[in-house]
Structures are given as C-alpha cells and as structure tokens.
file work.txt (compact mmCIF, C-alpha atoms)
# COMPACT_ATOMS: atom_id res chain seq x y z
CA SER A 1 36.18 15.71 -22.70
CA ALA A 2 39.12 16.38 -20.43
CA VAL A 3 40.51 19.88 -20.13
CA ILE A 4 44.15 20.92 -20.35
CA SER A 5 45.36 24.13 -18.75
CA GLN A 6 48.45 25.30 -20.58
CA LYS A 7 50.72 28.12 -19.56
CA PRO A 8 52.13 30.52 -20.37
CA SER A 9 49.66 31.46 -23.06
CA ARG A 10 52.27 33.68 -24.63
CA ASP A 11 55.74 34.94 -23.94
CA ILE A 12 58.45 37.03 -25.50
CA CYS A 13 61.94 35.73 -24.86
CA GLN A 14 65.48 36.70 -25.61
CA ARG A 15 67.74 34.65 -27.82
CA GLY A 16 69.78 32.09 -25.89
CA THR A 17 67.36 31.73 -22.98
CA SER A 18 65.09 28.78 -22.16
CA LEU A 19 61.36 28.63 -21.50
CA THR A 20 59.32 25.89 -19.86
CA ILE A 21 55.72 25.33 -20.89
CA GLN A 22 53.42 23.53 -18.48
CA CYS A 23 50.29 21.49 -19.12
CA GLN A 24 47.94 20.38 -16.38
CA VAL A 25 45.13 17.95 -17.21
CA ASP A 26 41.98 17.72 -15.11
CA SER A 27 41.98 13.93 -15.34
CA GLN A 28 44.52 11.16 -15.71
CA VAL A 29 45.76 10.48 -19.22
CA THR A 30 48.26 7.86 -20.28
CA MET A 31 49.50 9.49 -23.44
CA MET A 32 50.39 13.14 -23.90
CA PHE A 33 51.84 14.78 -26.97
CA TRP A 34 53.66 17.99 -27.75
CA TYR A 35 53.23 19.82 -31.05
CA ARG A 36 54.66 22.88 -32.70
CA GLN A 37 52.66 25.06 -35.05
CA GLN A 38 54.70 27.55 -37.00
CA PRO A 39 53.00 30.60 -38.48
CA GLY A 40 50.55 29.66 -41.18
CA GLN A 41 51.32 25.97 -40.93
CA SER A 42 49.84 22.79 -39.55
CA LEU A 43 50.83 20.96 -36.39
CA THR A 44 54.13 19.11 -36.24
CA LEU A 45 54.54 16.38 -33.64
CA ILE A 46 57.57 17.01 -31.43
CA ALA A 47 57.34 14.07 -29.06
CA THR A 48 55.13 11.62 -27.25
CA ALA A 49 55.32 11.70 -23.46
CA ASN A 50 54.11 8.77 -21.42
CA GLN A 51 54.31 8.68 -17.67
CA GLY A 52 57.15 6.61 -16.32
CA SER A 53 59.19 6.49 -19.51
CA GLU A 54 61.37 8.80 -21.52
CA ALA A 55 59.71 10.87 -24.20
CA THR A 56 59.85 9.59 -27.75
CA TYR A 57 61.02 12.30 -30.15
CA GLU A 58 60.15 12.67 -33.81
CA SER A 59 62.77 13.10 -36.48
CA GLY A 60 64.23 16.58 -36.33
CA PHE A 61 63.62 17.07 -32.62
CA VAL A 62 66.13 16.20 -29.91
CA ILE A 63 65.97 15.92 -26.17
CA ASP A 64 68.72 18.48 -25.57
CA LYS A 65 66.71 21.14 -27.37
CA PHE A 66 63.23 20.11 -26.18
CA PRO A 67 63.50 18.28 -22.84
CA ILE A 68 60.16 16.94 -21.67
CA SER A 69 59.04 15.85 -18.23
CA ARG A 70 56.05 13.67 -17.40
CA PRO A 71 56.14 13.17 -13.63
CA ASN A 72 52.56 11.88 -13.31
CA LEU A 73 49.42 11.16 -15.30
CA THR A 74 48.07 14.71 -15.12
CA PHE A 75 51.08 16.91 -15.81
CA SER A 76 53.78 17.49 -18.41
CA THR A 77 56.31 20.16 -19.29
CA LEU A 78 58.19 21.05 -22.44
CA THR A 79 61.29 23.21 -22.29
CA VAL A 80 62.53 25.07 -25.34
CA SER A 81 66.25 25.45 -24.71
CA ASN A 82 68.76 27.95 -26.00
CA MET A 83 66.10 29.67 -28.04
CA SER A 84 66.61 31.34 -31.38
CA PRO A 85 64.15 33.34 -33.51
CA GLU A 86 63.45 30.14 -35.49
CA ASP A 87 61.82 28.73 -32.36
CA SER A 88 59.12 31.39 -32.52
CA SER A 89 55.97 29.34 -32.81
CA ILE A 90 52.87 28.11 -31.04
CA TYR A 91 53.49 25.08 -28.87
CA LEU A 92 50.56 22.85 -28.00
CA CYS A 93 50.18 19.94 -25.65
CA SER A 94 47.53 17.29 -26.07
CA GLY A 95 46.28 14.20 -24.37
CA ARG A 96 44.45 11.14 -25.49
CA GLN A 97 41.11 10.57 -23.81
CA GLU A 98 40.24 7.01 -22.95
CA PRO A 99 38.22 5.08 -23.89
CA THR A 100 36.97 7.36 -26.68
CA GLY A 101 40.42 7.92 -28.17
CA GLU A 102 39.70 11.61 -28.72
CA LEU A 103 42.78 13.80 -28.79
CA PHE A 104 42.18 16.98 -26.80
CA PHE A 105 44.38 20.06 -26.75
CA GLY A 106 45.56 22.84 -24.54
CA GLU A 107 45.06 26.40 -25.76
CA GLY A 108 48.66 26.68 -26.89
CA SER A 109 51.64 28.80 -25.91
CA ARG A 110 52.62 31.49 -28.38
CA LEU A 111 56.36 32.01 -28.15
CA THR A 112 58.23 34.90 -29.73
CA VAL A 113 62.01 34.90 -29.62
CA LEU A 114 63.80 38.17 -30.25
CA SER B 1 53.42 14.43 -41.62
CA GLN B 2 54.28 14.14 -45.31
CA GLU B 3 52.25 10.94 -45.35
CA LEU B 4 49.03 12.88 -44.84
CA GLU B 5 47.84 15.26 -47.54
CA GLN B 6 44.89 17.61 -47.41
CA SER B 7 43.18 19.29 -50.31
CA PRO B 8 42.43 21.94 -51.17
CA GLN B 9 44.91 24.12 -49.29
CA SER B 10 42.43 26.95 -49.24
CA LEU B 11 38.81 27.39 -50.12
CA ILE B 12 36.65 30.48 -50.55
CA VAL B 13 32.94 29.87 -50.83
CA GLN B 14 29.78 31.91 -50.83
CA GLU B 15 27.56 31.54 -47.81
CA GLY B 16 25.02 28.76 -48.36
CA LYS B 17 27.24 26.71 -50.65
CA ASN B 18 28.34 23.15 -49.95
CA LEU B 19 31.99 22.22 -49.79
CA THR B 20 34.24 19.21 -49.35
CA ILE B 21 37.72 18.88 -47.88
CA ASN B 22 39.76 15.75 -48.51
CA CYS B 23 42.43 14.02 -46.48
CA THR B 24 44.54 11.25 -48.00
CA SER B 25 47.00 9.00 -46.25
CA SER B 26 49.77 6.97 -47.85
CA LYS B 27 49.29 4.32 -45.15
CA THR B 28 46.30 2.61 -43.62
CA LEU B 29 44.90 4.57 -40.72
CA TYR B 30 44.16 3.28 -37.27
CA GLY B 31 41.93 6.31 -36.81
CA LEU B 32 41.22 9.66 -38.45
CA TYR B 33 40.40 12.89 -36.64
CA TRP B 34 38.99 16.17 -37.87
CA TYR B 35 39.62 19.44 -36.07
CA LYS B 36 38.80 23.05 -36.67
CA GLN B 37 41.05 25.90 -35.66
CA LYS B 38 40.01 29.52 -35.61
CA TYR B 39 42.85 31.82 -36.54
CA GLY B 40 45.14 32.26 -33.54
CA GLU B 41 43.07 30.00 -31.32
CA GLY B 42 43.06 26.43 -30.07
CA LEU B 43 41.79 23.29 -31.80
CA ILE B 44 38.17 22.25 -31.69
CA PHE B 45 37.50 18.52 -31.99
CA LEU B 46 34.92 17.75 -34.68
CA MET B 47 34.87 14.01 -35.27
CA MET B 48 36.83 10.80 -35.02
CA LEU B 49 36.48 7.91 -37.47
CA GLN B 50 37.91 4.47 -36.90
CA LYS B 51 36.03 1.97 -38.99
CA GLY B 52 36.29 1.55 -42.74
CA GLY B 53 33.20 3.03 -44.37
CA GLU B 54 32.25 4.93 -41.24
CA GLU B 55 30.33 8.16 -41.55
CA LYS B 56 29.52 10.66 -38.82
CA SER B 57 27.58 13.89 -38.80
CA HIS B 58 27.35 16.82 -36.45
CA GLU B 59 25.03 19.65 -37.33
CA LYS B 60 25.92 20.53 -40.93
CA ILE B 61 29.26 18.74 -41.02
CA THR B 62 29.64 15.16 -42.24
CA ALA B 63 32.85 13.15 -42.27
CA LYS B 64 33.47 9.84 -43.98
CA LEU B 65 36.30 7.32 -43.92
CA ASP B 66 36.72 5.06 -46.93
CA GLU B 67 36.68 1.28 -46.74
CA LYS B 68 40.44 1.03 -47.11
CA LYS B 69 40.93 3.52 -44.25
CA GLN B 70 43.26 5.72 -46.26
CA GLN B 71 41.02 8.56 -47.30
CA SER B 72 38.56 10.78 -45.51
CA SER B 73 36.34 13.63 -46.60
CA LEU B 74 34.70 16.40 -44.62
CA HIS B 75 31.57 17.85 -46.13
CA ILE B 76 29.87 21.05 -45.00
CA THR B 77 26.34 21.67 -46.13
CA ALA B 78 24.97 25.19 -46.55
CA SER B 79 28.11 26.87 -45.26
CA GLN B 80 27.92 29.81 -42.87
CA PRO B 81 30.48 32.44 -41.84
CA SER B 82 30.81 30.58 -38.53
CA HIS B 83 32.32 27.66 -40.45
CA ALA B 84 35.33 29.75 -41.44
CA GLY B 85 38.68 28.66 -40.08
CA ILE B 86 41.38 26.10 -40.65
CA TYR B 87 40.35 22.47 -40.90
CA LEU B 88 42.91 19.88 -39.96
CA CYS B 89 42.80 16.14 -40.36
CA GLY B 90 44.83 14.08 -37.94
CA ALA B 91 46.04 10.54 -38.47
CA ASP B 92 46.48 7.86 -35.88
CA TYR B 93 48.65 5.16 -37.44
CA THR B 94 49.63 3.07 -34.46
CA GLY B 95 47.33 4.04 -31.61
CA ASN B 96 50.01 6.14 -29.95
CA GLN B 97 51.25 8.65 -32.50
CA PHE B 98 49.17 11.37 -34.06
CA TYR B 99 50.14 13.36 -37.13
CA PHE B 100 48.34 16.21 -38.82
CA GLY B 101 47.67 17.08 -42.41
CA THR B 102 48.66 20.30 -44.09
CA GLY B 103 45.39 22.03 -43.26
CA THR B 104 42.66 23.69 -45.31
CA SER B 105 41.84 27.34 -44.83
CA LEU B 106 38.14 28.01 -45.32
CA THR B 107 36.70 31.46 -45.95
CA VAL B 108 32.93 31.88 -46.17
CA ILE B 109 31.76 35.09 -47.82
CA PRO B 110 28.46 36.43 -46.50
call {"tool": "encode", "arguments": {"input": "work.txt", "output": "structure tokens"}}
result
Amino acid sequence: SAVISQKPSRDICQRGTSLTIQCQVDSQVTMMFWYRQQPGQSLTLIATANQGSEATYESGFVIDKFPISRPNLTFSTLTVSNMSPEDSSIYLCSGRQEPTGELFFGEGSRLTVL
Amino acid sequence: SQELEQSPQSLIVQEGKNLTINCTSSKTLYGLYWYKQKYGEGLIFLMMLQKGGEEKSHEKITAKLDEKKQQSSLHITASQPSHAGIYLCGADYTGNQFYFGTGTSLTVIP
C-alpha cells in the first residue's frame, strides 16, 4: 500500500503556540483524514481533507483551532493552534487507497504541550 | 464514534488460547476495517470487509462481517505474544468518513 511520511514524529511545545504537522504521501490519494488519539484511547476523526475543497470537520473540532491545508493530492498539513495541555495527544494522518479502499496511516505525531 | 462499540475492552489470555473480539455498529456499514496498534506505535492494517457474510483470514487471524453489515468479529487462533497490542475496528459508513471503535487491548501471557 501507499506510504505516508509524517513529521514531526514528536514535539514538545509551550502553551499558546501553534504547531504544523505535515504528511507526504508517495502516491496520489483523493481522500485524506486527520485523527487524534489521546492517551489510552481510540482514534477520533478530526476532519476529512480532499484536494480542492475545504476540509470537513467533525463535531467538536473547528477550523480556527485545527486549520488544514490540502494543496495537492500527495500532501496535507494540520495545524494545532493556540495549544493548551489538553491538546497533548498523538495526531495521525491517513489516506484512502484506491481502488482497494484500504485506509493507510502515517506513523503519528506525538505532541506534548507544557 | 459512539456508534461503534468494541468488546471486550481488554483481554488477557494464555499463549495458545483462541480469542474473539467483537465490533458492533448501530448503523449499516459500507465497509469494516480491522487494525492492530502496538503500544506507542502506528496502525497496522489487518483486513477490510465490505460484503455481508464476508470472511477473510490472514495467518491465524480471521475476520467476519455479518449479513446485515452491522457486526464484525475478529478471531485469533492459538494466540502468541506477538499478537499482543490494541485491536481497533474502523467503520466506513458513507465511503468517505471513517470512524474507529473504542479498541480492545490484548495481552498474551507466555
């Protein structure tokens, strides 16, 4: 399946700052998704990012807090803005492989906010 | 998503034993995915099921999707320590949104 390179793999940030996470896919994918995984929990969908359109956010997530870019079919970024300790989590990007439909993931970005 | 429930939440089994993890959806699924996650690591794709009644196997892991496409089970035969980790089911309801269950933590005691 396709491979996603995600970075940074981990970071420690100060409260009130912003961090941008990047995902580069080694092939073109129409649909990409951003998830958050809080300690000891499952994955929560933040938003769906399709190239050429604005991201679609799930309930509880807003564009001002988690702006997403999807400039082309192989790249996407998620910014965590004005961070607080509650944003400490693993953030994962994923893409949908066609035609199999398999959802493949980046390795995740472990974010700690002090 | 609250619409996708996994059970049990955690499982501790002796090496060599069989086990089953269940995933139940409150809505009909377009597709159902199973993933494994080692603690602190990324997700490993196991299987994807799309047809009612479908069953797939890979090595000692078998996954089934019921006819109504609302329930799936993951069965591991003769478990090994390498099977330990968190198992996640993922639901595709519309073809363009993917939600995950609550997860099942599996410990295999040698």
call {"tool": "residues_around", "arguments": {"input": "work.txt", "residues": "B:Trp34", "least_positions_apart": "3", "cutoff": "12 Å", "atoms": "all atoms listed in the file", "output": "PyMOL selection string"}}
result
(chain A and resi 102-104) or (chain B and resi 6+21-23+31+37+43-50+56-58+61-65+72-75+86-92+98-101+103-104)
call {"tool": "interface_residues", "arguments": {"input": "work.txt", "of": "chain A", "to": "chain B", "cutoff": "6 Å", "atoms": "all atoms listed in the file", "output": "MDAnalysis selection string"}}
result
chainID A and resid 42:43 107
call {"tool": "residues_around", "arguments": {"input": "work.txt", "residues": "A:Glu98", "least_positions_apart": "2", "cutoff": "10 Å", "atoms": "all atoms listed in the file", "output": "VMD selection string"}}
result
chain A and resid 1 to 2 28 to 31 95 to 96 100 to 103
call {"tool": "write_last_selection", "arguments": {"input": "work.txt", "atoms": "C-alpha atoms", "output": "PDB file, in the frame of the given file"}}
result
ATOM      1  CA  SER A   1      36.180  15.710 -22.700  1.00  0.00           C
ATOM      2  CA  ALA A   2      39.120  16.380 -20.430  1.00  0.00           C
ATOM      3  CA  GLN A  28      44.520  11.160 -15.710  1.00  0.00           C
ATOM      4  CA  VAL A  29      45.760  10.480 -19.220  1.00  0.00           C
ATOM      5  CA  THR A  30      48.260   7.860 -20.280  1.00  0.00           C
ATOM      6  CA  MET A  31      49.500   9.490 -23.440  1.00  0.00           C
ATOM      7  CA  GLY A  95      46.280  14.200 -24.370  1.00  0.00           C
ATOM      8  CA  ARG A  96      44.450  11.140 -25.490  1.00  0.00           C
ATOM      9  CA  THR A 100      36.970   7.360 -26.680  1.00  0.00           C
ATOM     10  CA  GLY A 101      40.420   7.920 -28.170  1.00  0.00           C
ATOM     11  CA  GLU A 102      39.700  11.610 -28.720  1.00  0.00           C
ATOM     12  CA  LEU A 103      42.780  13.800 -28.790  1.00  0.00           C
TER      13      LEU A 103
END
call {"tool": "atom_distance", "arguments": {"input": "work.txt", "atom1": "atom CA of A:Ile12", "atom2": "atom CA of A:Ser88"}}
result
9.0 Å
call {"tool": "closest_residue", "arguments": {"input": "work.txt", "among": "B:Leu32, B:Val13, B:Leu19, B:Val108", "to": "B:Ile76", "atoms": "all atoms listed in the file"}}
result
B:Leu19
call {"tool": "atom_distance", "arguments": {"input": "work.txt", "atom1": "atom CA of A:Thr20", "atom2": "atom CA of A:Phe105"}}
result
17.5 Å
call {"tool": "atom_distance", "arguments": {"input": "work.txt", "atom1": "atom CA of B:Lys51", "atom2": "atom CA of B:Lys69"}}
result
7.4 Å
call {"tool": "closest_residue", "arguments": {"input": "work.txt", "among": "A:Gln37, A:Ser5, A:Gln14, A:Gln22", "to": "A:Thr79", "atoms": "only C-alpha atoms"}}
result
A:Gln22
call {"tool": "residues_around", "arguments": {"input": "work.txt", "residues": "stretch 64-76 of chain A", "least_positions_apart": "2", "cutoff": "7 Å", "atoms": "only C-alpha atoms", "output": "ChimeraX atom specification"}}
result
/A:22-30,49-51,55,62,78-81
call {"tool": "write_last_selection", "arguments": {"input": "work.txt", "atoms": "C-alpha atoms", "output": "PDB file, in the frame of the given file"}}
result
ATOM      1  CA  GLN A  22      53.420  23.530 -18.480  1.00  0.00           C
ATOM      2  CA  CYS A  23      50.290  21.490 -19.120  1.00  0.00           C
ATOM      3  CA  GLN A  24      47.940  20.380 -16.380  1.00  0.00           C
ATOM      4  CA  VAL A  25      45.130  17.950 -17.210  1.00  0.00           C
ATOM      5  CA  ASP A  26      41.980  17.720 -15.110  1.00  0.00           C
ATOM      6  CA  SER A  27      41.980  13.930 -15.340  1.00  0.00           C
ATOM      7  CA  GLN A  28      44.520  11.160 -15.710  1.00  0.00           C
ATOM      8  CA  VAL A  29      45.760  10.480 -19.220  1.00  0.00           C
ATOM      9  CA  THR A  30      48.260   7.860 -20.280  1.00  0.00           C
ATOM     10  CA  ALA A  49      55.320  11.700 -23.460  1.00  0.00           C
ATOM     11  CA  ASN A  50      54.110   8.770 -21.420  1.00  0.00           C
ATOM     12  CA  GLN A  51      54.310   8.680 -17.670  1.00  0.00           C
ATOM     13  CA  ALA A  55      59.710  10.870 -24.200  1.00  0.00           C
ATOM     14  CA  VAL A  62      66.130  16.200 -29.910  1.00  0.00           C
ATOM     15  CA  LEU A  78      58.190  21.050 -22.440  1.00  0.00           C
ATOM     16  CA  THR A  79      61.290  23.210 -22.290  1.00  0.00           C
ATOM     17  CA  VAL A  80      62.530  25.070 -25.340  1.00  0.00           C
ATOM     18  CA  SER A  81      66.250  25.450 -24.710  1.00  0.00           C
TER      19      SER A  81
END
